[in-house]
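Below is the file work_29.cif, which contains mmCIF, C-alpha atoms.
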```cif
data_data
#
loop_
_atom_site.label_atom_id
_atom_site.label_comp_id
_atom_site.auth_asym_id
_atom_site.auth_seq_id
_atom_site.Cartn_x
_atom_site.Cartn_y
_atom_site.Cartn_z
CA MET J 16 0.68 4.03 25.02
CA SER J 17 0.13 5.23 21.48
CA VAL J 18 0.06 2.56 18.81
CA TYR J 19 1.02 2.49 15.16
CA ILE J 20 -1.55 0.75 12.92
CA TYR J 21 -0.64 -1.32 9.88
CA ALA J 22 -3.73 -3.08 8.69
CA ILE J 23 -7.19 -4.34 9.47
CA THR J 24 -8.06 -8.00 8.96
CA LYS J 25 -10.81 -10.46 9.69
CA ALA J 26 -10.44 -12.11 13.11
CA GLU J 27 -9.85 -15.47 11.38
CA HIS J 28 -6.72 -14.19 9.60
CA PRO J 29 -3.78 -16.34 10.81
CA LEU J 30 -1.80 -13.20 11.77
CA ASP J 31 1.55 -14.88 11.42
CA LEU J 32 3.70 -12.07 12.81
CA ASP J 33 6.74 -13.99 14.01
CA ASP J 34 9.17 -13.21 11.21
CA VAL J 35 8.41 -9.60 10.62
CA ARG J 36 9.19 -6.43 12.54
CA GLY J 37 7.38 -3.15 12.67
CA VAL J 38 8.42 0.47 12.41
CA GLY J 39 10.99 1.99 14.75
CA GLU J 40 14.72 1.88 15.16
CA ASP J 41 15.05 -1.77 16.14
CA GLY J 42 11.85 -2.95 14.52
CA SER J 43 8.99 -3.00 16.99
CA ASP J 44 7.03 -6.09 18.07
CA LEU J 45 3.75 -6.58 16.30
CA HIS J 46 0.54 -7.71 17.88
CA ALA J 47 -3.16 -7.77 17.14
CA VAL J 48 -5.91 -5.74 18.77
CA SER J 49 -9.22 -7.49 18.20
CA SER J 50 -12.85 -6.67 18.61
CA GLY J 51 -15.82 -8.59 17.27
CA SER J 52 -15.00 -10.16 13.94
CA LEU J 53 -12.07 -7.86 13.15
CA SER J 54 -8.44 -7.39 14.15
CA ALA J 55 -6.04 -4.52 13.73
CA VAL J 56 -2.33 -5.22 13.52
CA VAL J 57 -0.38 -2.68 15.56
CA SER J 58 2.92 -2.01 17.26
CA GLU J 59 4.16 0.53 19.71
CA ALA J 60 4.49 3.88 17.92
CA PRO J 61 8.14 4.94 17.83
CA ALA J 62 8.90 8.46 19.05
CA ASP J 63 10.89 9.22 15.92
CA LEU J 64 8.46 7.91 13.32
CA SER J 65 9.14 9.65 10.03
CA VAL J 66 8.63 9.42 6.30
CA ALA J 67 11.95 7.71 5.75
CA ARG J 68 13.05 4.46 4.21
CA ARG J 69 13.38 2.57 7.47
CA ASP J 70 9.78 3.01 8.51
CA LEU J 71 8.23 3.03 5.05
CA GLU J 72 9.84 -0.29 4.32
CA ALA J 73 8.77 -1.82 7.61
CA HIS J 74 5.21 -0.61 7.06
CA HIS J 75 5.07 -2.08 3.58
CA GLU J 76 6.70 -5.34 4.59
CA VAL J 77 4.29 -5.96 7.45
CA GLN J 78 1.43 -5.42 5.04
CA GLU J 79 2.85 -7.70 2.36
CA ASN J 80 3.41 -10.43 4.93
CA LEU J 81 -0.10 -10.21 6.30
CA TRP J 82 -1.63 -10.01 2.89
CA SER J 83 0.11 -13.15 1.69
CA ASP J 84 -2.01 -15.07 4.23
CA GLY J 85 -5.38 -13.46 3.54
CA ALA J 86 -7.29 -10.29 2.81
CA ILE J 87 -6.29 -7.11 4.61
CA LEU J 88 -7.16 -3.44 4.48
CA PRO J 89 -3.71 -1.82 4.38
CA LEU J 90 -3.55 1.53 6.14
CA SER J 91 -1.86 4.46 4.52
CA PHE J 92 1.54 5.14 6.07
CA GLY J 93 1.78 7.00 9.36
CA PHE J 94 -1.39 6.55 11.41
CA VAL J 95 -1.05 6.53 15.17
CA ALA J 96 -3.88 5.90 17.63
CA PRO J 97 -3.68 7.25 21.18
CA ASP J 98 -4.20 3.77 22.69
CA GLU J 99 -5.51 0.28 21.99
CA ASP J 100 -8.98 1.09 23.26
CA SER J 101 -9.44 3.68 20.57
CA VAL J 102 -8.41 1.08 17.97
CA ARG J 103 -11.08 -1.29 19.33
CA ALA J 104 -13.60 1.51 19.21
CA LEU J 105 -12.74 2.12 15.56
CA LEU J 106 -13.15 -1.59 14.73
CA ASP J 107 -16.58 -1.59 16.39
CA GLU J 108 -17.73 1.62 14.88
CA ARG J 109 -16.89 0.68 11.30
CA ALA J 110 -17.23 -3.09 11.62
CA GLU J 111 -19.76 -3.45 8.86
CA ALA J 112 -17.93 -1.37 6.26
CA PHE J 113 -14.56 -2.98 7.03
CA SER J 114 -15.98 -6.53 6.90
CA GLN J 115 -17.75 -5.90 3.65
CA ARG J 116 -14.65 -4.48 2.01
CA LEU J 117 -12.49 -7.35 3.25
CA ASP J 118 -14.95 -9.81 1.71
CA GLU J 119 -14.89 -7.95 -1.58
CA LEU J 120 -11.10 -7.87 -1.67
CA SER J 121 -10.47 -11.48 -0.78
CA GLY J 122 -8.93 -13.39 -3.67
CA THR J 123 -7.73 -10.26 -5.42
CA ALA J 124 -4.50 -8.30 -5.69
CA GLU J 125 -3.44 -4.87 -6.81
CA PHE J 126 -1.13 -4.41 -9.78
CA ASN J 127 0.39 -1.05 -10.51
CA VAL J 128 1.44 -0.15 -14.01
CA LYS J 129 3.63 2.86 -14.69
CA GLY J 130 4.68 3.93 -18.14
CA VAL J 131 7.63 6.14 -18.98
CA THR J 132 8.53 7.38 -22.43
CA ASP J 133 12.11 8.18 -23.34
CA GLU J 134 11.87 11.86 -24.15
CA ASP J 135 14.65 11.84 -26.72
CA VAL J 136 13.04 9.00 -28.63
CA LEU J 137 9.69 10.73 -28.49
CA LEU J 138 11.07 14.08 -29.65
CA ARG J 139 12.96 12.46 -32.49
CA ALA J 140 9.81 10.75 -33.63
CA ILE J 141 7.93 14.04 -33.52
CA LEU J 142 10.62 15.83 -35.49
CA THR J 143 10.57 13.00 -37.97
CA ASP J 144 6.83 13.06 -38.44
CA SER J 145 6.21 16.78 -38.40
CA GLY J 146 7.65 18.94 -41.14
CA GLN J 147 6.51 22.01 -39.31
CA ALA J 148 8.43 21.02 -36.19
CA ARG J 149 11.54 20.34 -38.26
CA THR J 150 11.32 23.69 -39.99
CA LEU J 151 10.93 25.53 -36.71
CA ASN J 152 13.70 23.51 -35.14
CA GLU J 153 16.06 24.46 -37.92
CA SER J 154 15.10 28.10 -37.68
CA ILE J 155 16.21 28.27 -34.06
CA ARG J 156 19.44 26.38 -34.59
CA ASP J 157 22.57 28.12 -33.29
CA GLY J 158 20.49 30.54 -31.29
CA GLY J 159 18.79 31.79 -34.45
CA GLY J 160 15.10 32.47 -34.92
CA THR J 161 12.88 34.56 -32.74
CA TYR J 162 11.50 34.00 -29.29
CA GLU J 163 8.18 33.39 -31.03
CA ASP J 164 9.76 30.63 -33.11
CA ARG J 165 10.92 28.93 -29.94
CA LEU J 166 7.53 29.21 -28.36
CA ALA J 167 5.84 27.95 -31.51
CA LEU J 168 8.12 24.93 -31.69
CA GLY J 169 7.69 24.24 -27.99
CA GLU J 170 3.95 24.51 -28.16
CA LEU J 171 3.72 22.29 -31.20
CA VAL J 172 5.98 19.68 -29.64
CA ALA J 173 4.31 19.87 -26.23
CA GLN J 174 0.93 19.26 -27.83
CA GLU J 175 2.29 16.37 -29.84
CA VAL J 176 3.98 14.86 -26.78
CA GLN J 177 0.71 15.08 -24.94
CA ASN J 178 -1.23 13.49 -27.80
CA ARG J 179 1.20 10.65 -28.14
CA ASN J 180 1.36 10.02 -24.42
CA ALA J 181 -2.41 10.06 -24.17
CA ALA J 182 -2.66 7.55 -27.01
CA LEU J 183 -0.13 5.31 -25.27
CA ALA J 184 -2.01 5.58 -21.99
CA GLU J 185 -5.26 4.68 -23.69
CA GLU J 186 -3.63 1.68 -25.28
CA VAL J 187 -2.37 0.48 -21.90
CA LEU J 188 -5.74 0.95 -20.24
CA ALA J 189 -7.66 -0.64 -23.10
CA THR J 190 -5.37 -3.68 -23.01
CA MET J 191 -5.53 -4.24 -19.27
CA ARG J 192 -9.14 -3.29 -18.60
CA PRO J 193 -10.77 -6.51 -19.77
CA LEU J 194 -8.67 -8.45 -17.26
CA VAL J 195 -9.40 -6.45 -14.11
CA VAL J 196 -12.12 -6.01 -11.53
CA SER J 197 -11.48 -2.33 -10.94
CA GLU J 198 -9.03 0.44 -11.74
CA GLN J 199 -7.58 3.62 -10.24
CA VAL J 200 -5.91 5.86 -12.77
CA ALA J 201 -3.73 8.74 -11.60
CA PRO J 202 -3.74 11.84 -13.79
CA PRO J 203 -0.91 11.86 -16.33
CA SER J 204 2.20 13.54 -15.00
CA GLN J 205 5.54 14.71 -16.26
CA GLN J 206 6.99 11.50 -14.97
CA TYR J 207 4.53 8.87 -16.20
CA PHE J 208 2.33 8.82 -19.26
CA VAL J 209 0.25 6.28 -17.42
CA ASN J 210 0.11 5.41 -13.74
CA ALA J 211 -2.71 3.04 -13.02
CA SER J 212 -3.54 0.53 -10.34
CA PHE J 213 -5.70 -2.43 -11.19
CA LEU J 214 -7.53 -4.83 -8.92
CA VAL J 215 -7.06 -8.28 -10.38
CA GLU J 216 -8.56 -11.60 -9.36
CA ASP J 217 -5.93 -14.11 -8.31
CA ALA J 218 -7.17 -16.47 -11.01
CA ARG J 219 -6.30 -13.91 -13.66
CA SER J 220 -3.09 -12.47 -12.26
CA GLU J 221 -0.90 -14.63 -14.46
CA GLU J 222 -2.87 -13.66 -17.53
CA PHE J 223 -2.64 -10.02 -16.48
CA THR J 224 1.14 -10.15 -16.11
CA ARG J 225 1.50 -11.90 -19.44
CA ALA J 226 -0.69 -9.32 -21.16
CA GLY J 227 1.46 -6.59 -19.63
CA GLY J 228 4.60 -8.18 -21.03
CA GLU J 229 3.10 -8.54 -24.48
CA LEU J 230 1.91 -4.97 -24.40
CA ALA J 231 5.36 -3.68 -23.48
CA GLU J 232 6.76 -5.68 -26.37
CA ARG J 233 4.24 -4.14 -28.72
CA LEU J 234 4.90 -0.59 -27.55
CA GLY J 235 8.50 -1.07 -28.49
CA GLU J 236 11.63 0.98 -28.06
CA GLY J 237 11.52 4.17 -26.07
CA VAL J 238 8.61 3.08 -23.90
CA GLU J 239 9.14 1.52 -20.51
CA LEU J 240 6.30 -0.20 -18.69
CA ARG J 241 6.82 -0.98 -15.02
CA LEU J 242 4.48 -3.59 -13.70
CA ARG J 243 4.41 -4.05 -9.94
CA GLY J 244 2.41 -6.72 -8.25
CA PRO J 245 0.75 -8.60 -6.83
CA LEU J 246 0.46 -6.06 -4.03
CA PRO J 247 -1.88 -5.48 -1.11
CA PRO J 248 -4.88 -3.54 -2.39
CA TYR J 249 -3.74 -0.05 -1.40
CA SER J 250 -5.80 1.68 -4.05
CA PHE J 251 -9.01 -0.23 -3.44
CA VAL J 252 -9.76 0.14 0.26
CA MET B 18 10.74 -1.84 -23.94
CA THR B 19 11.14 -2.94 -20.38
CA VAL B 20 8.87 -4.82 -18.09
CA VAL B 21 9.67 -5.07 -14.46
CA PRO B 22 7.48 -7.66 -12.82
CA GLN B 23 7.95 -8.31 -9.17
CA GLY B 24 9.75 -11.53 -9.87
CA GLU B 25 9.29 -15.07 -11.04
CA GLY B 26 7.05 -17.09 -8.82
CA ALA B 27 5.66 -14.08 -7.02
CA LEU B 28 2.35 -14.65 -8.68
CA ALA B 29 2.01 -18.14 -7.34
CA SER B 30 2.99 -17.22 -3.81
CA ARG B 31 1.05 -13.97 -3.54
CA GLY B 32 3.74 -11.59 -2.55
CA GLY B 33 5.23 -13.23 0.47
CA GLY B 34 7.07 -10.17 1.72
CA GLY B 35 8.73 -9.37 -1.58
CA GLY B 36 8.98 -5.69 -0.78
CA GLY B 37 12.73 -5.44 -0.86
CA SER B 38 14.41 -2.08 -0.69
CA GLY B 39 15.06 -1.87 -4.41
CA ASN B 40 11.35 -2.09 -5.02
CA LEU B 41 10.27 0.56 -2.60
CA TYR B 42 10.28 3.46 -5.00
CA ASP B 43 7.54 2.16 -7.22
CA VAL B 44 5.20 1.46 -4.34
CA LEU B 45 6.04 4.56 -2.34
CA GLU B 46 3.15 6.60 -3.62
CA LEU B 47 0.78 3.69 -2.92
CA VAL B 48 1.96 3.43 0.67
CA LEU B 49 1.79 7.19 1.17
CA ASP B 50 -1.07 8.34 -0.99
CA ARG B 51 -3.34 5.33 -1.09
CA GLY B 52 -4.30 2.86 1.60
CA LEU B 53 -6.93 3.24 4.26
CA VAL B 54 -7.09 6.65 5.92
CA ILE B 55 -8.44 6.89 9.46
CA ASP B 56 -9.40 10.49 10.07
CA ALA B 57 -9.95 9.94 13.77
CA PHE B 58 -6.25 9.21 14.35
CA ALA B 59 -3.18 11.37 14.15
CA ARG B 60 -0.89 11.01 11.21
CA VAL B 61 2.85 11.54 11.06
CA SER B 62 3.83 14.72 9.29
CA LEU B 63 4.08 14.02 5.60
CA VAL B 64 6.34 16.88 4.67
CA GLY B 65 8.56 14.50 2.71
CA ILE B 66 5.70 13.70 0.38
CA GLU B 67 5.91 17.11 -1.18
CA ILE B 68 9.01 15.97 -3.00
CA LEU B 69 7.06 13.15 -4.58
CA LYS B 70 4.30 15.50 -5.57
CA ILE B 71 6.70 17.63 -7.52
CA ASP B 72 7.71 14.59 -9.53
CA ALA B 73 4.14 13.63 -10.09
CA ARG B 74 2.77 17.02 -10.92
CA VAL B 75 0.40 17.23 -13.80
CA VAL B 76 1.78 18.57 -17.03
CA VAL B 77 0.76 22.16 -17.43
CA ALA B 78 1.01 23.93 -20.73
CA SER B 79 3.10 26.98 -20.03
CA VAL B 80 5.72 29.16 -21.62
CA ASP B 81 8.32 27.38 -19.50
CA THR B 82 7.22 24.00 -20.80
CA TYR B 83 7.31 25.24 -24.37
CA LEU B 84 10.77 26.69 -24.04
CA ARG B 85 12.00 23.54 -22.41
CA PHE B 86 10.72 21.43 -25.31
CA ALA B 87 12.19 23.82 -27.86
CA GLU B 88 15.47 23.59 -26.04
CA ALA B 89 15.29 19.79 -25.95
CA CYS B 90 14.61 19.57 -29.70
CA ASN B 91 17.48 21.89 -30.40
CA ARG B 92 19.77 19.88 -28.16
CA LEU B 93 18.76 16.64 -29.90
CA ASP B 94 19.55 18.27 -33.14
CA LEU B 95 22.99 19.18 -31.88
CA GLU B 96 23.70 15.80 -30.36
CA SER B 97 22.44 13.47 -33.01
CA GLY B 98 22.56 15.74 -35.99
CA ARG B 99 25.52 17.95 -36.28
CA LYS B 100 28.20 16.07 -34.47
CA ALA B 101 27.60 13.09 -36.74
CA PRO B 102 26.11 14.13 -40.05
CA SER B 103 25.22 10.59 -41.09
CA GLN B 104 22.86 10.38 -38.18
CA LEU B 105 21.12 13.47 -39.32
CA THR B 106 20.49 11.67 -42.54
CA ASP B 107 18.88 8.87 -40.69
CA LEU B 108 16.63 11.19 -38.88
CA VAL B 109 15.64 13.24 -41.84
CA GLY B 110 15.90 10.36 -44.30
CA ASP B 111 13.33 8.45 -42.33
CA ALA B 112 11.06 11.35 -42.73
CA THR B 113 11.09 11.00 -46.49
CA GLU B 114 10.52 7.30 -46.21
CA SER B 115 7.74 7.14 -43.74
CA GLY B 116 7.13 10.34 -41.90
CA ALA B 117 6.88 13.15 -44.39
CA ARG B 118 3.30 13.00 -45.37
CA GLY B 119 1.33 15.82 -46.91
CA LYS B 120 2.48 19.22 -45.82
CA SER B 121 6.09 18.46 -45.15
CA LYS B 122 6.70 17.84 -48.84
CA GLY B 123 8.05 20.98 -50.34
CA ALA B 124 11.08 23.10 -49.91
CA LEU B 125 12.41 20.86 -47.20
CA SER B 126 12.20 17.56 -49.02
CA GLY B 127 14.45 18.75 -51.84
CA ALA B 128 17.17 19.54 -49.35
CA VAL B 129 16.57 16.29 -47.56
CA GLU B 130 17.02 14.22 -50.65
CA ALA B 131 20.23 15.99 -51.50
CA VAL B 132 21.65 15.31 -48.06
CA SER B 133 20.41 11.73 -48.12
CA GLU B 134 22.08 11.01 -51.38
CA SER B 135 25.47 12.28 -50.39
CA LEU B 136 25.41 10.20 -47.26
CA GLN B 137 23.84 7.12 -48.71
CA LYS B 138 26.98 5.13 -48.18
CA GLY B 139 27.05 5.66 -44.46
CA ARG B 140 23.52 4.46 -44.19
CA GLU B 141 24.20 1.22 -45.95
CA ASP B 142 26.49 0.21 -43.14
CA ARG B 143 23.57 0.11 -40.85
CA GLU B 144 21.32 -1.83 -43.13
CA SER B 145 20.48 -4.49 -40.59
CA GLY B 146 19.37 -1.95 -38.03
CA ARG B 147 17.21 -0.27 -40.57
CA GLU B 148 15.52 -3.50 -41.56
CA LYS B 149 14.12 -3.84 -38.10
CA GLN B 150 12.77 -0.41 -38.27
CA ARG B 151 10.97 -1.00 -41.52
CA VAL B 152 9.30 -4.02 -40.05
CA ARG B 153 8.20 -1.93 -37.18
CA SER B 154 6.60 0.76 -39.27
CA GLU B 155 4.95 -1.80 -41.51
CA ARG B 156 3.23 -3.06 -38.44
CA GLY B 157 1.58 0.30 -38.16
CA ALA B 158 3.55 1.63 -35.24
CA SER B 159 4.92 4.57 -37.16
CA ARG B 160 3.46 7.10 -34.77
CA ARG B 161 6.12 6.19 -32.32
CA SER B 162 8.67 4.77 -34.66
CA SER B 163 11.84 4.33 -32.75
CA ARG B 164 15.24 5.63 -33.57
CA HIS B 165 17.46 2.93 -32.18
CA ASP B 166 19.77 3.14 -35.13
CA ASP B 167 20.71 6.63 -34.05
CA GLU B 168 22.37 5.35 -30.99
CA GLU B 169 25.70 4.34 -32.34
#
```
For this file, produce the structure as structure tokens.
Amino acid sequence: MSVYIYAITKAEHPLDLDDVRGVGEDGSDLHAVSSGSLSAVVSEAPADLSVARRDLEAHHEVQENLWSDGAILPLSFGFVAPDEDSVRALLDERAEAFSQRLDELSGTAEFNVKGVTDEDVLLRAILTDSGQARTLNESIRDGGGTYEDRLALGELVAQEVQNRNAALAEEVLATMRPLVVSEQVAPPSQQYFVNASFLVEDARSEEFTRAGGELAERLGEGVELRLRGPLPPYSFV
Amino acid sequence: MTVVPQGEGALASRGGGGGGSGNLYDVLELVLDRGLVIDAFARVSLVGIEILKIDARVVVASVDTYLRFAEACNRLDLESGRKAPSQLTDLVGDATESGARGKSKGALSGAVEAVSESLQKGREDRESGREKQRVRSERGASRRSSRHDDEE
């Protein structure tokens, strides 16, 4: 029977699985497969497993539940082993690396910080600050100006957007960095000017959240900071 | 400014299964893209992830991007500028106050002042909103000075 794997824990983890259901249409039963000093939390793999809300949510919820009782290595969504023996073999084969990582992660949590700028606010600020951008913008008003004018305005504004977003990202990172053990920064995207995960010691998580709130206040209107956590350490396994 | 923490008390209780459905979106990429990967085992097809990747694609400087920005600036101009002339004054008036340094002085600023003057009255109505903004730029945040008084 193929099994769906959620997480790897130390054998001494309480594995309180009573109130939580796994992936699958009716929520599958969870159980542990153990070998040596490690356990893997698994369930029967549903035939119709898919990247959809039902299963994604179940996956995440199992991990959050386990993690609230002790360190875990959360698996990425969607891994299915052919049978329980192959899970045991995996635990044996990588026992040392898994144990070491679990020790390192105990007493920590992941926090994810995403930053979004309101494009209209940003563009207004750029037009306000840059005479050149204003002039170009006026020249293309009502469909006027040349194609080159449009490109020139777009290029100028794109560069300025990038500069401002990079400065914002740096400010976020510089503020949070002193409070964290480790960080994983995703490259800037069209969606987020910053998207970073931080590994934070439990003792500092309150301080971290407070600093995030103060930072958001400081960044002001037109900037949204989304702070998510504490979470299982997805980005630090 | 918005902060969305997971919720009061979550810090003390370390999560405790707080992954409600409304919160899934922000952790989706973590669940899909991060987490432990076991190469020896099969993985469900992640075709759906491609949609996420489009959202998260890195900004590439291209003609399309430039045209889109030009379009957006022009649209802003139409929305906040021409429909309501007094708001144009705010936008451009601010530039004389705080934004128009160096180069932008010149032909433009003459026109700006003329427009500002004629619409001075409208601006006075929003004095309280503008106060806030001055405070903000005094604090040195002018590089992203906000335009909340345009939103009426």
Item to complete: Taking the file as shown, find all residues satisfying the PyMOL selection byres ((chain B and resi 79) around 12) and write them as a PyMOL selection string.
Response: (chain J and resi 166-167+169-170+173-174) or (chain B and resi 75-78+80-86)
Discussion item. Evaluated on this file, the PyMOL selection byres ((chain J and resi 217) around 10) picks out some residues - which ones are they, written as a ChimeraX atom specification?
Written reply: /J:121-125,214-216,218-223,245 /B:28-29,31
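You can rank J:Leu105, J:Leu151, J:Leu88, J:Ala96 by their closest distance to Ser49 (chain J) using only C-alpha atoms, and at the top of that list sits J:Leu105.
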Item to complete: For CA of Ala226 (chain J) and CA of Gly130 (chain J), determine how far apart the two atoms are, in Å to one decimal place.
Response: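 Taking CA of Ala226 (chain J) and CA of Gly130 (chain J), their separation equals 14.6 Å.
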Discussion item. Selection in question (the file shown): the PyMOL selection byres ((chain J and resi 18) around 7). Which residues does it include, as number ranges by chain?
Written reply: J: 16-17, 19-20, 57-60, 95-99
Worksheet item: So how far away is CA of Leu242 (chain J) from CA of Phe126 (chain J), in Å?
Response: 6.9 Å
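Picture a line from CA of Ala57 (chain B) to CA of Val200 (chain J); it runs 27.2 Å.
Each of J:Ser50, J:Thr150, J:Asn180, J:Asn127 was compared to Gln199 (chain J) using only C-alpha atoms, and J:Asn127 turns out to be the nearest.
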Item to complete: Write out as a PyMOL selection string each polymer residue whose atoms come within 8 Å of Val252 (chain J), counting only C-alpha atoms; drop sequence neighbours fewer than 3 positions from it.
Response: (chain J and resi 88-89+116+248-249) or (chain B and resi 52-53)
For region 142-166 of chain J, write C-alpha atoms out as a short mmCIF file (atom, residue, chain, number, x, y, z; two decimals), in the first residue's frame.
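Produced file result.cif, reproduced below:
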```cif
data_model
loop_
_atom_site.label_atom_id
_atom_site.label_comp_id
_atom_site.auth_asym_id
_atom_site.auth_seq_id
_atom_site.Cartn_x
_atom_site.Cartn_y
_atom_site.Cartn_z
CA LEU J 142 5.74 61.18 -11.14
CA THR J 143 5.89 63.59 -8.26
CA ASP J 144 9.60 63.21 -7.73
CA SER J 145 10.78 63.02 -11.31
CA GLY J 146 10.33 66.01 -13.57
CA GLN J 147 11.50 63.96 -16.49
CA ALA J 148 8.81 61.36 -15.91
CA ARG J 149 6.17 64.07 -15.65
CA THR J 150 7.28 65.70 -18.86
CA LEU J 151 7.22 62.42 -20.73
CA ASN J 152 3.89 61.51 -19.21
CA GLU J 153 2.39 64.75 -20.42
CA SER J 154 3.82 64.29 -23.87
CA ILE J 155 1.97 61.02 -24.33
CA ARG J 156 -1.31 62.27 -22.94
CA ASP J 157 -4.34 61.69 -25.18
CA GLY J 158 -2.41 59.28 -27.32
CA GLY J 159 0.12 61.97 -28.18
CA GLY J 160 3.89 61.60 -28.28
CA THR J 161 5.87 58.98 -30.08
CA TYR J 162 6.34 55.30 -29.43
CA GLU J 163 9.83 56.25 -28.26
CA ASP J 164 8.33 58.64 -25.71
CA ARG J 165 6.25 55.81 -24.32
CA LEU J 166 9.21 53.51 -24.12
#
```
